[in-house]
Amino acid sequence: MCSGKTTIGRLVARELGLEFHDCDQDLEKITGASVNLIFDVEGEIGFRERETQLLRNISEMKGLLIATGGGVVTRAENRKLLRRSGLVVWLKTTVHQQIERLNHDKSRPLLQTPDREAILQKLARERDPLYRKVADLIFSSPNRNKRFSAKTLCKQIRNHWERESPGENRAQH
């Protein structure tokens, strides 16, 4: 949450010649409802089921950069889909950075509580080990220029692709 998935993801996709998809935005387009409304009406379980179905559909496509929701790794099926689909990058951020970035944000369904830091700490304890298991690359997302971060991440992705498949154009996969 608030790691820069959408902002950095768009920039990286453009640089690598990939089509960008943000799962939360795609769900909102498909359903005609905001993520918050889906959470309110269907709860987190309903939202996660919709998220998994979307991930099933788009993970079969080629040439995409997909920004998933922060909790996508909580379901084993999603972790399998991610691992099977391509390179998985974890944009890692600290709880302190999240608190700073969320200072005026009232739109996060899981953070509708007075003690946001406690919730973020709990989510980090639960999710970080899952991210660590599924990620091919871990990219720290400090408070720095997003364009610089995207360029740095592109370089790391290209280096990873070159190590994994020398000479192959991975943007097609």
# chains A, B, ... in the order shown; residues from 1 in each chain; ligands from 1
$ residues_around --residues "Thr68 (chain A)" --least-positions-apart "4" --cutoff "7 Å" --atoms "only C-alpha atoms" --output "PDB file with all heavy atoms, in the first residue's frame"
ATOM      1  N   ASP A  22      -3.778  -1.611 -13.793  1.00  0.00           N
ATOM      2  CA  ASP A  22      -3.888  -1.487 -12.346  1.00  0.00           C
ATOM      3  C   ASP A  22      -5.119  -2.289 -11.942  1.00  0.00           C
ATOM      4  O   ASP A  22      -6.239  -1.968 -12.371  1.00  0.00           O
ATOM      5  CB  ASP A  22      -4.034  -0.015 -11.952  1.00  0.00           C
ATOM      6  CG  ASP A  22      -4.161   0.167 -10.463  1.00  0.00           C
ATOM      7  OD1 ASP A  22      -5.230  -0.215  -9.913  1.00  0.00           O
ATOM      8  OD2 ASP A  22      -3.240   0.693  -9.833  1.00  0.00           O
ATOM      9  N   CYS A  23      -4.943  -3.339 -11.167  1.00  0.00           N
ATOM     10  CA  CYS A  23      -6.055  -4.238 -10.819  1.00  0.00           C
ATOM     11  C   CYS A  23      -7.209  -3.506 -10.140  1.00  0.00           C
ATOM     12  O   CYS A  23      -8.371  -3.764 -10.468  1.00  0.00           O
ATOM     13  CB  CYS A  23      -5.563  -5.391  -9.951  1.00  0.00           C
ATOM     14  SG  CYS A  23      -4.621  -6.616 -10.872  1.00  0.00           S
ATOM     15  N   VAL A  72      -3.087  -8.713  -2.545  1.00  0.00           N
ATOM     16  CA  VAL A  72      -3.222  -9.819  -3.504  1.00  0.00           C
ATOM     17  C   VAL A  72      -2.457 -11.060  -3.052  1.00  0.00           C
ATOM     18  O   VAL A  72      -2.882 -12.179  -3.314  1.00  0.00           O
ATOM     19  CB  VAL A  72      -2.800  -9.365  -4.923  1.00  0.00           C
ATOM     20  CG1 VAL A  72      -1.289  -9.230  -5.036  1.00  0.00           C
ATOM     21  CG2 VAL A  72      -3.342 -10.295  -5.984  1.00  0.00           C
TER      22      VAL A  72
END
$ select_by_dssp --residues "region 6-67 of chain A" --states "strand (DSSP E or B)" --output "PyMOL selection string"
chain A and resi 19-22+64-67
$ write_last_selection --atoms "C-alpha atoms" --output "mmCIF file, in the first residue's frame"
data_model
loop_
_atom_site.group_PDB
_atom_site.id
_atom_site.type_symbol
_atom_site.label_atom_id
_atom_site.label_comp_id
_atom_site.auth_asym_id
_atom_site.auth_seq_id
_atom_site.Cartn_x
_atom_site.Cartn_y
_atom_site.Cartn_z
ATOM 1 C CA GLU A 19 0.627 -2.263 -21.524
ATOM 2 C CA PHE A 20 -0.140 -1.102 -17.977
ATOM 3 C CA HIS A 21 -2.995 -2.521 -15.883
ATOM 4 C CA ASP A 22 -3.888 -1.487 -12.346
ATOM 5 C CA LEU A 64 1.519 -6.453 -19.598
ATOM 6 C CA LEU A 65 2.786 -4.790 -16.480
ATOM 7 C CA ILE A 66 0.228 -5.419 -13.750
ATOM 8 C CA ALA A 67 -0.023 -3.372 -10.556
#
$ residues_around --residues "region 117-131 of chain A" --least-positions-apart "4" --cutoff "7 Å" --atoms "only C-alpha atoms" --output "mmCIF file with N, CA, C and O atoms, in the first residue's frame"
data_model
loop_
_atom_site.group_PDB
_atom_site.id
_atom_site.type_symbol
_atom_site.label_atom_id
_atom_site.label_comp_id
_atom_site.auth_asym_id
_atom_site.auth_seq_id
_atom_site.Cartn_x
_atom_site.Cartn_y
_atom_site.Cartn_z
ATOM 1 N N VAL A 73 -1.361 -10.879 -2.347
ATOM 2 C CA VAL A 73 -0.528 -12.018 -1.933
ATOM 3 C C VAL A 73 -1.134 -12.823 -0.794
ATOM 4 O O VAL A 73 -0.614 -13.884 -0.453
ATOM 5 N N THR A 74 -2.224 -12.365 -0.220
ATOM 6 C CA THR A 74 -2.812 -13.078 0.917
ATOM 7 C C THR A 74 -3.504 -14.368 0.501
ATOM 8 O O THR A 74 -3.769 -15.214 1.346
ATOM 9 N N TRP A 90 8.419 -6.707 -6.061
ATOM 10 C CA TRP A 90 7.830 -6.189 -4.820
ATOM 11 C C TRP A 90 8.387 -4.784 -4.611
ATOM 12 O O TRP A 90 9.589 -4.613 -4.403
ATOM 13 N N VAL A 95 6.594 1.123 6.905
ATOM 14 C CA VAL A 95 5.351 1.624 7.495
ATOM 15 C C VAL A 95 5.447 3.139 7.681
ATOM 16 O O VAL A 95 4.486 3.865 7.421
ATOM 17 N N ILE A 99 2.772 5.794 6.200
ATOM 18 C CA ILE A 99 2.070 6.782 7.031
ATOM 19 C C ILE A 99 2.223 8.177 6.422
ATOM 20 O O ILE A 99 1.252 8.925 6.297
ATOM 21 N N LEU A 111 -7.922 0.904 6.206
ATOM 22 C CA LEU A 111 -7.341 1.888 7.127
ATOM 23 C C LEU A 111 -8.374 2.849 7.702
ATOM 24 O O LEU A 111 -8.025 3.946 8.127
ATOM 25 N N ALA A 135 8.317 -12.760 -4.779
ATOM 26 C CA ALA A 135 9.037 -11.751 -5.567
ATOM 27 C C ALA A 135 10.306 -12.289 -6.213
ATOM 28 O O ALA A 135 11.106 -12.963 -5.569
#
$ atom_distance --atom1 "CA of Leu18 (chain A)" --atom2 "CA of Gly63 (chain A)"
5.2 Å
$ residues_around --residues "Ile157 (chain A)" --least-positions-apart "2" --cutoff "12 Å" --atoms "only C-alpha atoms" --output "number ranges by chain"
A: 12-13, 15-16, 65, 86-90, 136-139, 150-155, 159-165, 169-171
$ select_by_dssp --residues "region 10-170 of chain A" --states "alpha helix (DSSP H)" --output "MDAnalysis selection string"
chainID A and resid 10:16 23:31 35:58 76:85 95:101 116:134 146:164
$ closest_residue --among "A:Asn78, A:Lys62, A:Leu11, A:Ser34" --to "Glu49 (chain A)" --atoms "only C-alpha atoms"
A:Asn78
$ atom_distance --atom1 "CA of Phe39 (chain A)" --atom2 "CA of Arg83 (chain A)"
26.3 Å
$ atom_distance --atom1 "CA of Leu81 (chain A)" --atom2 "CA of Lys5 (chain A)"
18.2 Å
$ closest_residue --among "A:Thr93, A:Asn145, A:Asn36, A:Ser59" --to "Arg79 (chain A)" --atoms "only C-alpha atoms"
A:Ser59
$ closest_residue --among "A:Arg48, A:Arg84, A:Lys133, A:Arg144" --to "Gly69 (chain A)" --atoms "only C-alpha atoms"
A:Arg48
